[in-house]
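Novice: Just data.cif, nothing more (mmCIF, C-alpha atoms):
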```cif
data_target
#
loop_
_atom_site.label_atom_id
_atom_site.label_comp_id
_atom_site.auth_asym_id
_atom_site.auth_seq_id
_atom_site.Cartn_x
_atom_site.Cartn_y
_atom_site.Cartn_z
CA MET A 177 5.14 -39.81 -41.89
CA ARG A 178 3.67 -42.25 -39.41
CA SER A 179 1.42 -43.96 -42.03
CA VAL A 180 4.28 -44.20 -44.56
CA ALA A 181 6.41 -45.99 -41.94
CA SER A 182 3.53 -48.36 -41.16
CA ARG A 183 3.09 -49.24 -44.85
CA VAL A 184 6.82 -49.88 -45.24
CA ILE A 185 6.71 -52.23 -42.23
CA ALA A 186 3.66 -54.10 -43.59
CA ALA A 187 5.17 -54.42 -47.09
CA SER A 188 8.58 -55.58 -45.75
CA VAL A 189 7.02 -58.22 -43.51
CA LEU A 190 4.78 -59.46 -46.33
CA LEU A 191 7.65 -59.68 -48.84
CA ALA A 192 9.94 -61.28 -46.21
CA VAL A 193 7.36 -64.01 -45.61
CA ILE A 194 7.04 -64.63 -49.38
CA PHE A 195 10.81 -64.90 -49.77
CA ILE A 196 11.16 -67.16 -46.72
CA VAL A 197 8.57 -69.49 -48.27
CA ALA A 198 10.40 -69.26 -51.62
CA ALA A 199 13.76 -70.01 -49.90
CA VAL A 200 12.32 -73.03 -48.08
CA VAL A 201 10.88 -74.35 -51.40
CA ALA A 202 14.29 -73.71 -53.08
CA VAL A 203 16.16 -75.61 -50.33
CA GLU A 204 13.82 -78.57 -50.76
CA ASP A 205 14.46 -78.46 -54.52
CA GLN A 206 18.27 -78.32 -53.81
CA ARG A 207 18.56 -75.05 -55.69
CA ALA A 208 21.29 -73.55 -53.50
CA VAL A 209 21.80 -70.28 -55.37
CA ALA A 210 18.13 -69.45 -55.35
CA ALA A 211 18.00 -70.34 -51.65
CA ALA A 212 20.95 -68.10 -50.83
CA VAL A 213 19.48 -65.14 -52.77
CA GLY A 214 16.10 -65.68 -51.11
CA THR A 215 17.68 -65.68 -47.65
CA MET A 216 19.67 -62.52 -48.36
CA VAL A 217 16.66 -60.64 -49.69
CA THR A 218 14.70 -61.79 -46.64
CA ALA A 219 17.38 -60.47 -44.34
CA VAL A 220 17.43 -57.09 -46.15
CA LEU A 221 13.66 -56.85 -46.02
CA LEU A 222 13.58 -57.68 -42.32
CA ALA A 223 16.23 -55.01 -41.68
CA ALA A 224 14.17 -52.49 -43.67
CA GLY A 225 11.08 -53.45 -41.67
CA LEU A 226 12.97 -53.01 -38.39
CA ALA A 227 14.32 -49.63 -39.51
CA ALA A 228 10.84 -48.49 -40.51
CA TYR A 229 9.51 -49.65 -37.12
CA LEU A 230 12.18 -47.67 -35.28
CA ILE A 231 11.48 -44.54 -37.35
CA ARG A 232 7.80 -44.94 -36.64
CA SER A 233 8.35 -45.03 -32.83
CA VAL A 234 10.57 -41.95 -32.96
CA VAL A 235 7.96 -40.12 -35.02
CA LEU A 236 5.25 -41.27 -32.60
CA ARG A 237 7.26 -40.00 -29.63
CA SER A 238 7.93 -36.62 -31.21
CA ASP A 239 4.21 -36.33 -32.05
CA GLU A 240 3.42 -37.04 -28.41
CA LEU A 241 5.96 -34.43 -27.31
CA GLU A 242 4.48 -31.95 -29.70
CA SER A 243 0.97 -32.37 -28.37
CA GLN A 244 2.27 -32.30 -24.78
CA ASN A 245 4.02 -29.00 -25.56
CA ALA A 246 0.83 -27.64 -27.09
CA ILE A 247 -1.06 -28.57 -23.91
CA ASN A 248 1.60 -26.93 -21.70
CA ALA A 249 1.59 -23.77 -23.79
CA ALA A 250 -2.22 -23.59 -23.73
CA VAL A 251 -2.22 -24.00 -19.95
CA ILE A 252 0.38 -21.31 -19.21
CA ASP A 253 -1.12 -18.98 -21.82
CA ALA A 254 -4.48 -19.23 -20.05
CA VAL A 255 -3.00 -17.93 -16.77
CA ARG A 256 -3.55 -14.19 -16.10
CA ASP A 257 -0.12 -13.97 -14.43
CA GLY A 258 2.87 -13.24 -16.64
CA ILE A 259 5.33 -16.14 -16.61
CA VAL A 260 8.85 -16.16 -18.04
CA LEU A 261 11.75 -18.55 -17.56
CA ARG A 262 15.14 -17.28 -18.69
CA ASP A 263 18.44 -19.15 -18.83
CA LEU A 264 21.64 -17.82 -17.27
CA GLU A 265 22.36 -15.72 -20.37
CA GLY A 266 18.95 -14.09 -20.09
CA ARG A 267 17.44 -15.89 -23.09
CA VAL A 268 13.77 -16.79 -22.91
CA VAL A 269 13.21 -20.53 -22.40
CA VAL A 270 9.48 -20.28 -21.79
CA ALA A 271 7.19 -17.25 -21.73
CA ASN A 272 3.42 -17.08 -21.73
CA ARG A 273 1.13 -14.76 -23.63
CA THR A 274 0.33 -12.59 -20.58
CA MET A 275 4.04 -11.88 -20.03
CA ASP A 276 4.39 -10.96 -23.68
CA THR A 277 1.41 -8.58 -23.37
CA PHE A 278 2.94 -6.97 -20.25
CA ALA A 279 6.30 -6.59 -22.03
CA ARG A 280 4.67 -4.98 -25.06
CA GLU A 281 2.53 -2.61 -22.95
CA VAL A 282 5.18 -1.60 -20.40
CA LEU A 283 8.47 -1.95 -22.30
CA GLY A 284 7.16 -1.57 -25.84
CA VAL A 285 8.81 -4.79 -27.09
CA SER A 286 8.00 -8.50 -27.11
CA VAL A 287 9.22 -10.54 -24.15
CA HIS A 288 11.77 -12.21 -26.43
CA ASP A 289 13.32 -8.87 -27.37
CA ALA A 290 13.06 -7.35 -23.91
CA GLY A 291 16.13 -8.98 -22.39
CA ALA A 292 16.36 -9.91 -18.69
CA GLN A 293 14.91 -7.18 -16.46
CA GLU A 294 16.36 -6.00 -13.19
CA GLY A 295 15.13 -8.12 -10.34
CA PRO A 296 16.13 -10.00 -7.22
CA ASP A 297 18.89 -12.59 -7.66
CA GLU A 298 17.34 -15.03 -5.21
CA ASP A 299 13.98 -16.60 -4.42
CA ALA A 300 11.89 -13.58 -3.54
CA VAL A 301 8.44 -11.97 -3.54
CA ASP A 302 8.25 -8.23 -4.06
CA GLU A 303 6.28 -5.47 -5.74
CA PHE A 304 7.33 -2.83 -8.19
CA GLU A 305 5.70 0.10 -9.93
CA ASP A 306 6.31 1.17 -13.49
CA ALA A 307 6.90 4.89 -13.12
CA ALA A 308 5.90 5.80 -16.68
CA SER A 309 2.51 4.05 -16.68
CA GLY A 310 1.88 4.05 -12.93
CA ARG A 311 1.02 0.35 -13.08
CA SER A 312 1.83 -1.84 -10.07
CA PHE A 313 3.02 -5.42 -10.27
CA HIS A 314 3.45 -8.18 -7.73
CA ARG A 315 6.49 -10.31 -8.59
CA LEU A 316 7.63 -13.78 -7.60
CA THR A 317 11.20 -14.77 -8.47
CA ALA A 318 12.45 -18.34 -8.22
CA LEU A 319 15.88 -19.67 -9.16
CA VAL A 320 15.62 -22.83 -11.25
CA ARG A 321 18.17 -25.60 -10.64
CA ASP A 322 18.93 -28.90 -12.41
CA GLY A 323 19.03 -32.34 -10.75
CA GLN A 324 22.54 -31.68 -9.44
CA GLY A 325 21.49 -28.37 -7.86
CA ARG A 326 23.27 -26.25 -10.50
CA ARG A 327 21.57 -23.00 -11.36
CA ILE A 328 20.14 -23.08 -14.84
CA GLY A 329 17.79 -20.14 -14.95
CA ARG A 330 15.41 -17.74 -13.31
CA LEU A 331 11.63 -17.99 -13.25
CA THR A 332 9.64 -14.78 -12.89
CA VAL A 333 5.89 -14.66 -12.33
CA ILE A 334 4.25 -11.24 -12.27
CA ARG A 335 0.69 -10.21 -11.52
CA GLU A 336 -0.76 -6.79 -12.13
CA VAL A 337 -2.13 -5.21 -8.92
CA THR A 338 -2.75 -1.66 -10.20
CA VAL A 339 -6.49 -1.68 -9.47
CA GLU A 340 -5.95 -3.14 -5.99
CA ARG A 341 -3.38 -0.50 -5.09
CA GLN A 342 -5.60 2.30 -6.43
CA ALA A 343 -8.52 1.05 -4.33
CA GLU A 344 -6.27 0.87 -1.29
CA ARG A 345 -5.04 4.43 -1.78
CA ALA A 346 -8.64 5.67 -2.20
CA LYS A 347 -9.63 3.88 1.01
CA ASN A 348 -6.68 5.39 2.91
CA ARG A 349 -7.55 8.87 1.70
CA LEU A 350 -11.14 8.37 2.76
CA MET A 351 -10.02 7.10 6.18
CA ALA A 352 -7.74 10.07 6.73
CA ASN A 353 -10.52 12.50 5.77
CA VAL A 354 -13.14 10.78 7.93
CA SER A 355 -10.83 10.72 10.93
CA HIS A 356 -9.91 14.38 10.42
CA ASP A 357 -13.51 15.47 9.99
CA LEU A 358 -14.70 13.55 13.07
CA ARG A 359 -12.00 15.03 15.27
CA THR A 360 -12.89 18.67 14.72
CA PRO A 361 -16.44 18.63 16.16
CA LEU A 362 -15.25 16.29 18.92
CA THR A 363 -12.58 18.80 19.88
CA ALA A 364 -15.26 21.46 20.31
CA ILE A 365 -17.49 19.21 22.45
CA LEU A 366 -14.62 17.99 24.64
CA GLY A 367 -13.05 21.44 24.96
CA PHE A 368 -16.18 23.38 25.83
CA THR A 369 -17.37 20.80 28.35
CA GLU A 370 -13.94 20.92 29.97
CA ILE A 371 -14.10 24.71 30.22
CA LEU A 372 -17.64 24.55 31.64
CA MET A 373 -16.55 21.93 34.19
CA THR A 374 -13.96 24.32 35.60
CA ARG A 375 -16.57 27.07 35.88
CA THR A 376 -19.64 25.35 37.37
CA GLY A 377 -20.32 25.98 41.03
CA ASP A 378 -21.65 23.40 43.47
CA ASP A 379 -24.66 22.38 41.42
CA ASP A 380 -24.37 18.58 41.45
CA VAL A 381 -26.76 18.01 38.56
CA ASP A 382 -24.83 20.33 36.22
CA LYS A 383 -21.51 18.93 37.29
CA THR A 384 -22.54 15.28 36.84
CA SER A 385 -24.08 16.00 33.44
CA LEU A 386 -20.98 17.81 32.25
CA GLU A 387 -18.71 15.04 33.52
CA MET A 388 -20.77 12.42 31.69
CA MET A 389 -20.75 14.47 28.49
CA HIS A 390 -17.03 14.83 28.81
CA SER A 391 -16.25 11.18 29.52
CA GLU A 392 -18.53 9.99 26.73
CA ALA A 393 -16.98 12.39 24.25
CA LYS A 394 -13.60 11.10 25.35
CA ARG A 395 -14.74 7.53 24.78
CA LEU A 396 -15.90 8.45 21.27
CA SER A 397 -12.55 10.09 20.64
CA SER A 398 -10.71 6.97 21.80
CA LEU A 399 -12.90 4.79 19.55
CA ILE A 400 -12.01 6.94 16.55
CA GLY A 401 -8.36 6.61 17.57
CA GLN A 402 -8.61 2.81 17.71
CA PHE A 403 -10.39 2.71 14.37
CA VAL A 404 -7.72 4.80 12.71
CA ASP A 405 -4.97 2.75 14.38
CA LEU A 406 -6.47 -0.42 12.98
CA GLN A 407 -6.42 1.05 9.48
CA THR A 408 -2.86 2.28 9.95
CA VAL A 409 -1.63 -1.08 11.22
CA GLU A 410 -3.23 -2.76 8.20
CA ARG A 411 -1.32 -0.35 6.03
CA GLY A 412 1.95 -1.17 7.76
CA SER A 413 2.94 2.32 8.92
CA PRO A 414 3.39 3.17 12.60
CA PRO A 415 0.18 3.97 14.48
CA HIS A 416 -0.45 7.62 15.23
CA ASP A 417 0.28 8.98 18.68
CA PHE A 418 -2.72 9.71 20.78
CA ALA A 419 -2.99 11.51 24.09
CA PRO A 420 -2.81 8.95 26.92
CA GLN A 421 -6.08 8.33 28.67
CA SER A 422 -5.90 7.95 32.44
CA THR A 423 -7.19 4.72 33.94
CA ARG A 424 -9.58 6.74 36.08
CA ASP A 425 -11.26 8.14 32.98
CA GLY A 426 -11.53 4.67 31.55
CA ILE A 427 -13.18 3.34 34.73
CA ALA A 428 -15.52 6.33 34.91
CA ALA A 429 -16.50 5.79 31.30
CA SER A 430 -17.28 2.10 31.75
CA ALA A 431 -19.13 2.76 34.99
CA PHE A 432 -21.24 5.33 33.18
CA SER A 433 -21.90 3.01 30.27
CA ALA A 434 -23.02 0.31 32.71
CA LEU A 435 -25.47 2.81 34.24
CA ILE A 436 -27.13 3.85 30.99
CA ARG A 437 -27.23 0.41 29.41
CA PRO A 438 -30.69 -1.16 30.01
CA SER A 439 -30.25 -4.40 31.97
CA MET B 249 -0.25 42.98 26.14
CA THR B 250 0.60 39.54 24.76
CA LYS B 251 -0.77 39.06 21.28
CA VAL B 252 -2.08 35.66 20.18
CA LEU B 253 -3.23 34.87 16.66
CA ILE B 254 -5.62 31.95 16.13
CA ALA B 255 -5.79 30.66 12.56
CA ASP B 256 -8.49 28.04 11.96
CA ASP B 257 -11.27 27.80 9.38
CA GLU B 258 -13.65 26.30 11.99
CA PRO B 259 -15.40 29.05 13.98
CA SER B 260 -15.90 26.60 16.88
CA MET B 261 -12.14 26.03 17.10
CA ARG B 262 -11.38 29.75 17.18
CA ALA B 263 -14.10 30.23 19.83
CA LEU B 264 -12.65 27.37 21.92
CA VAL B 265 -9.11 28.75 21.91
CA ARG B 266 -10.43 32.27 22.55
CA MET B 267 -12.48 31.05 25.51
CA THR B 268 -9.50 29.11 26.88
CA LEU B 269 -7.34 32.21 26.88
CA GLU B 270 -10.11 34.65 27.77
CA SER B 271 -9.62 34.81 31.51
CA HIS B 272 -6.05 35.93 30.92
CA ARG B 273 -4.81 39.21 29.55
CA PHE B 274 -4.31 38.50 25.87
CA GLU B 275 -5.04 40.43 22.75
CA ILE B 276 -6.62 37.78 20.57
CA LEU B 277 -6.65 37.95 16.78
CA GLU B 278 -8.46 35.52 14.50
CA ALA B 279 -7.87 34.38 10.93
CA GLU B 280 -10.27 32.06 9.06
CA ASP B 281 -7.87 30.95 6.32
CA GLY B 282 -4.16 30.70 5.55
CA GLU B 283 -4.02 33.86 3.49
CA HIS B 284 -5.57 35.95 6.25
CA ALA B 285 -3.28 34.28 8.80
CA LEU B 286 -0.18 35.30 6.83
CA GLU B 287 -1.44 38.85 6.43
CA LEU B 288 -2.22 39.24 10.15
CA ALA B 289 1.04 37.59 11.23
CA ARG B 290 3.08 39.98 9.07
CA ARG B 291 1.17 43.08 10.18
CA GLU B 292 0.61 42.32 13.85
CA LEU B 293 3.69 40.20 14.65
CA PRO B 294 1.89 38.20 17.37
CA ASP B 295 3.80 36.62 20.29
CA LEU B 296 2.16 33.28 19.54
CA LEU B 297 0.38 31.78 16.55
CA PHE B 298 -1.99 28.82 16.87
CA LEU B 299 -2.10 27.39 13.39
CA ASP B 300 -4.53 24.85 11.95
CA TRP B 301 -3.10 22.71 9.14
CA THR B 302 -6.05 22.11 6.82
CA MET B 303 -7.31 25.55 5.88
CA PRO B 304 -8.67 27.10 2.65
CA ARG B 305 -6.38 28.95 0.25
CA ILE B 306 -3.05 28.41 2.02
CA SER B 307 -2.44 25.42 4.29
CA GLY B 308 -1.04 25.92 7.79
CA LEU B 309 2.09 24.11 6.71
CA ASP B 310 2.71 26.62 3.90
CA VAL B 311 1.88 29.54 6.20
CA CYS B 312 4.60 28.41 8.59
CA ARG B 313 7.06 27.81 5.76
CA GLN B 314 6.51 31.33 4.41
CA LEU B 315 6.76 32.97 7.83
CA ARG B 316 10.09 31.24 8.42
CA GLU B 317 11.45 32.56 5.12
CA GLU B 318 10.78 36.20 5.97
CA PRO B 319 13.22 37.83 8.44
CA ALA B 320 10.49 39.80 10.23
CA THR B 321 8.46 36.69 11.07
CA ALA B 322 11.18 34.01 11.08
CA GLU B 323 11.34 33.87 14.88
CA LEU B 324 7.60 33.94 15.47
CA ARG B 325 6.38 31.19 17.84
CA VAL B 326 4.16 28.80 15.93
CA VAL B 327 2.10 26.03 17.53
CA MET B 328 0.40 23.70 15.08
CA LEU B 329 -3.10 22.79 16.27
CA THR B 330 -4.35 20.04 13.99
CA ALA B 331 -6.49 16.93 13.60
CA ARG B 332 -3.71 15.29 11.59
CA THR B 333 -2.34 12.71 13.96
CA GLN B 334 0.01 10.63 11.82
CA GLN B 335 3.65 10.49 12.78
CA PHE B 336 4.78 11.64 9.34
CA ASP B 337 2.51 14.70 9.56
CA ARG B 338 4.30 15.66 12.74
CA LEU B 339 7.66 15.18 11.00
CA ALA B 340 6.56 17.32 8.05
CA ALA B 341 5.49 20.08 10.46
CA THR B 342 8.81 19.91 12.29
CA ALA B 343 10.58 20.13 8.95
CA VAL B 344 8.96 23.49 8.10
CA GLY B 345 9.86 24.81 11.56
CA VAL B 346 6.80 24.68 13.84
CA ASP B 347 7.77 25.08 17.50
CA ASP B 348 5.12 22.75 18.86
CA TYR B 349 2.53 20.30 17.59
CA ILE B 350 -0.78 19.70 19.37
CA THR B 351 -3.30 17.22 17.99
CA LYS B 352 -7.07 17.59 18.15
CA PRO B 353 -8.88 16.79 20.32
CA PHE B 354 -6.84 18.77 22.82
CA SER B 355 -7.58 19.74 26.39
CA PRO B 356 -8.01 23.52 26.91
CA LEU B 357 -6.17 23.26 30.23
CA ARG B 358 -3.29 21.53 28.49
CA LEU B 359 -3.30 24.30 25.87
CA LEU B 360 -3.03 26.90 28.58
CA GLU B 361 -0.04 25.04 30.05
CA LYS B 362 1.54 25.05 26.62
CA VAL B 363 1.10 28.84 26.41
CA ARG B 364 2.75 29.18 29.80
CA GLU B 365 5.66 26.95 28.71
CA THR B 366 6.09 28.83 25.46
CA LEU B 367 5.71 32.43 26.61
CA GLY B 368 6.71 32.18 30.27
CA PRO B 369 4.48 32.41 33.35
CA GLU B 370 4.19 36.22 33.20
CA ALA B 371 2.23 35.93 29.93
CA LEU B 372 -0.67 34.40 31.84
CA LEU B 373 -1.05 37.22 34.36
#
```
Could you show the structure in this file as structure tokens?

Specialist:
Amino acid sequence: MRSVASRVIAASVLLAVIFIVAAVVAVEDQRAVAAAVGTMVTAVLLAAGLAAYLIRSVVLRSDELESQNAINAAVIDAVRDGIVLRDLEGRVVVANRTMDTFAREVLGVSVHDAGAQEGPDEDAVDEFEDAASGRSFHRLTALVRDGQGRRIGRLTVIREVTVERQAERAKNRLMANVSHDLRTPLTAILGFTEILMTRTGDDDVDKTSLEMMHSEAKRLSSLIGQFVDLQTVERGSPPHDFAPQSTRDGIAASAFSALIRPS
Amino acid sequence: MTKVLIADDEPSMRALVRMTLESHRFEILEAEDGEHALELARRELPDLLFLDWTMPRISGLDVCRQLREEPATAELRVVMLTARTQQFDRLAATAVGVDDYITKPFSPLRLLEKVRETLGPEALL
């Protein structure tokens, strides 16, 4: 199309020049009719050349647009997030390959046939789980507006986070088990030393040893508590309740640690 | 004599509770899993049941739930003694009807106080 237009332009210009020359020669020879015909033909040819030039630029521009579109499509198709832009009626304006794959896997239809899915009606970031497949998705929703601020559509970007959530759940289970399993032997150590402390007579050595065992076991117990709290806070649920430790115990524990630590 | 049932799969835990209560006049019974705990609770109708949560066969939570469903054991005093410290665990235990919830590690002296609170001072004579 582009080369045809170029040839038409070249031919028109060439012929126009020939006829201009012919018209000039005719005028000099006082052949008015021939001159008039020559001028008219020249005008027509120039108009044809101009038309061909205009067509060529339009074609060039649409070619440019086409390649720009191809670049855009390649870029958004290469992203591992699913991207879809729908207009106010829910029709797909743009969707990438990942979104189409998600739609086919989760909904069983192409993104174009899926129709607008339930989602926030404002700019938002959230997460949802597909109950049937158990897959988790992180979702970003953005309202798209035109230059005048009028709403023209909704952009949705989703990322699969199934593996991340599974790993997190496995870690939480492990944490809960570890904390549970550490507490049981600690309970025995703390409990029996406490019972022995109430029974020992005036033997200072026994008493001091038992007190140290007890305060150190308490410190260990508090460390486990802090460790579990940290995990719980990360997870966003309220920290567990833990028996309050008196300040005296805390001071005794640090004093003891200072004693045994080599200086 | 006041009857106390200790249900815990850890021998050291049963020994600790037994030793805590030893100097007082209690008849102490022990169960090493949930099934045995249910059986003893039904047969012996103890005044107090110390119940671990994580036990083989039947969990402490299910033991309590079943005891509450049966008229003979519905009013039995149940104290959960567990290493599960999360707030929602405590809520789940309350939901099945435990009377009290003590987390491990616990202080034996504190446990004794709890027995006094639950059964009245005469139980500790």

Novice: Scan for residues within 12 Å of the point (-2.3, 29.0, 30.2) in the coordinates of the file, using all atoms listed in the file, and reply as an MDAnalysis selection string.

Specialist: chainID B and resid 265:274 355:373

Novice: Please evaluate the PyMOL selection byres ((chain B and resi 300) around 7) against the displayed coordinates and give the resulting residues as a list in words.

Specialist: Ala255, Asp256, Phe298, Leu299, Trp301, Thr302, Met303, Gly308, Met328, Leu329 and Thr330 of chain B

Novice: Give me, as number ranges by chain, all polymer residues having an atom no more than 10 Å from segment 285-295 of chain B, counting only C-alpha atoms and skipping those fewer than 6 positions away in the same chain.

Specialist: B: 249-256, 275-279, 306-308, 310-312, 314-315, 318, 320-321, 323-326, 366-367, 371

Novice: Keeping C-alpha atoms for every residue in the selection just given, could you write it to a file as a PDB file, keeping the file's coordinate frame?

Specialist:
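Listing of part_17.pdb after writing:
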```pdb
ATOM      1  CA  MET B 249      -0.250  42.980  26.140  1.00  0.00           C
ATOM      2  CA  THR B 250       0.600  39.540  24.760  1.00  0.00           C
ATOM      3  CA  LYS B 251      -0.770  39.060  21.280  1.00  0.00           C
ATOM      4  CA  VAL B 252      -2.080  35.660  20.180  1.00  0.00           C
ATOM      5  CA  LEU B 253      -3.230  34.870  16.660  1.00  0.00           C
ATOM      6  CA  ILE B 254      -5.620  31.950  16.130  1.00  0.00           C
ATOM      7  CA  ALA B 255      -5.790  30.660  12.560  1.00  0.00           C
ATOM      8  CA  ASP B 256      -8.490  28.040  11.960  1.00  0.00           C
ATOM      9  CA  GLU B 275      -5.040  40.430  22.750  1.00  0.00           C
ATOM     10  CA  ILE B 276      -6.620  37.780  20.570  1.00  0.00           C
ATOM     11  CA  LEU B 277      -6.650  37.950  16.780  1.00  0.00           C
ATOM     12  CA  GLU B 278      -8.460  35.520  14.500  1.00  0.00           C
ATOM     13  CA  ALA B 279      -7.870  34.380  10.930  1.00  0.00           C
ATOM     14  CA  ILE B 306      -3.050  28.410   2.020  1.00  0.00           C
ATOM     15  CA  SER B 307      -2.440  25.420   4.290  1.00  0.00           C
ATOM     16  CA  GLY B 308      -1.040  25.920   7.790  1.00  0.00           C
ATOM     17  CA  ASP B 310       2.710  26.620   3.900  1.00  0.00           C
ATOM     18  CA  VAL B 311       1.880  29.540   6.200  1.00  0.00           C
ATOM     19  CA  CYS B 312       4.600  28.410   8.590  1.00  0.00           C
ATOM     20  CA  GLN B 314       6.510  31.330   4.410  1.00  0.00           C
ATOM     21  CA  LEU B 315       6.760  32.970   7.830  1.00  0.00           C
ATOM     22  CA  GLU B 318      10.780  36.200   5.970  1.00  0.00           C
ATOM     23  CA  ALA B 320      10.490  39.800  10.230  1.00  0.00           C
ATOM     24  CA  THR B 321       8.460  36.690  11.070  1.00  0.00           C
ATOM     25  CA  GLU B 323      11.340  33.870  14.880  1.00  0.00           C
ATOM     26  CA  LEU B 324       7.600  33.940  15.470  1.00  0.00           C
ATOM     27  CA  ARG B 325       6.380  31.190  17.840  1.00  0.00           C
ATOM     28  CA  VAL B 326       4.160  28.800  15.930  1.00  0.00           C
ATOM     29  CA  THR B 366       6.090  28.830  25.460  1.00  0.00           C
ATOM     30  CA  LEU B 367       5.710  32.430  26.610  1.00  0.00           C
ATOM     31  CA  ALA B 371       2.230  35.930  29.930  1.00  0.00           C
TER      32      ALA B 371
END
```

Novice: Kindly resolve the PyMOL selection byres ((chain B) within 7 of (chain A)) on the present coordinates and return the residues as an MDAnalysis selection string.

Specialist: chainID B and resid 260:261 264 331:335 352:356

Novice: If I take atom CA of Val235 of chain A and atom CA of Asp322 of chain A, how far is one from the other in Å, to one decimal?

Specialist: 27.5 Å

Novice: As an exercise, work out the distance from atom CA of Ala208 of chain A to atom CA of Leu226 of chain A in Å and give it to one decimal place.

Specialist: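 Straight-line distance from atom CA of Ala208 of chain A to atom CA of Leu226 of chain A works out to 26.8 Å.
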
Novice: Applied to this file, what does the PyMOL selection byres ((chain A and resi 282-291) around 8) return in terms of residues, put as a count of residues only?

Specialist: 15

Novice: I'd like the interatomic distance between atom CA of Leu309 of chain B and atom CA of Asp281 of chain B, to a tenth of an Å.

Specialist: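 Taking atom CA of Leu309 of chain B and atom CA of Asp281 of chain B, their separation equals 12.1 Å.
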
Novice: Residues proximal to (5.9, -19.8, -16.6) were defined as those with any atom within 10 Å of that point in the file's coordinates, counting all atoms listed in the file. Which are they, as a list in words?

Specialist: Asn248, Ala249, Val251, Ile252, Asp253, Val255, Asp257, Gly258, Ile259, Val260, Leu261, Arg262, Val269, Val270, Ala271, Asn272, Arg273, Thr274, Met275, Leu331, Thr332, Val333 and Ile334 of chain A

Novice: Work out where the centre of an axis-aligned box around every listed atom of segment 255-258 of chain B lies and how long its edges are once 6 Å is added on each side; give both in Å to one decimal as lines of an AutoDock Vina configuration file.

Specialist:
```
center_x = -9.7
center_y = 28.5
center_z = 11.0
size_x = 19.9
size_y = 16.4
size_z = 15.2
```
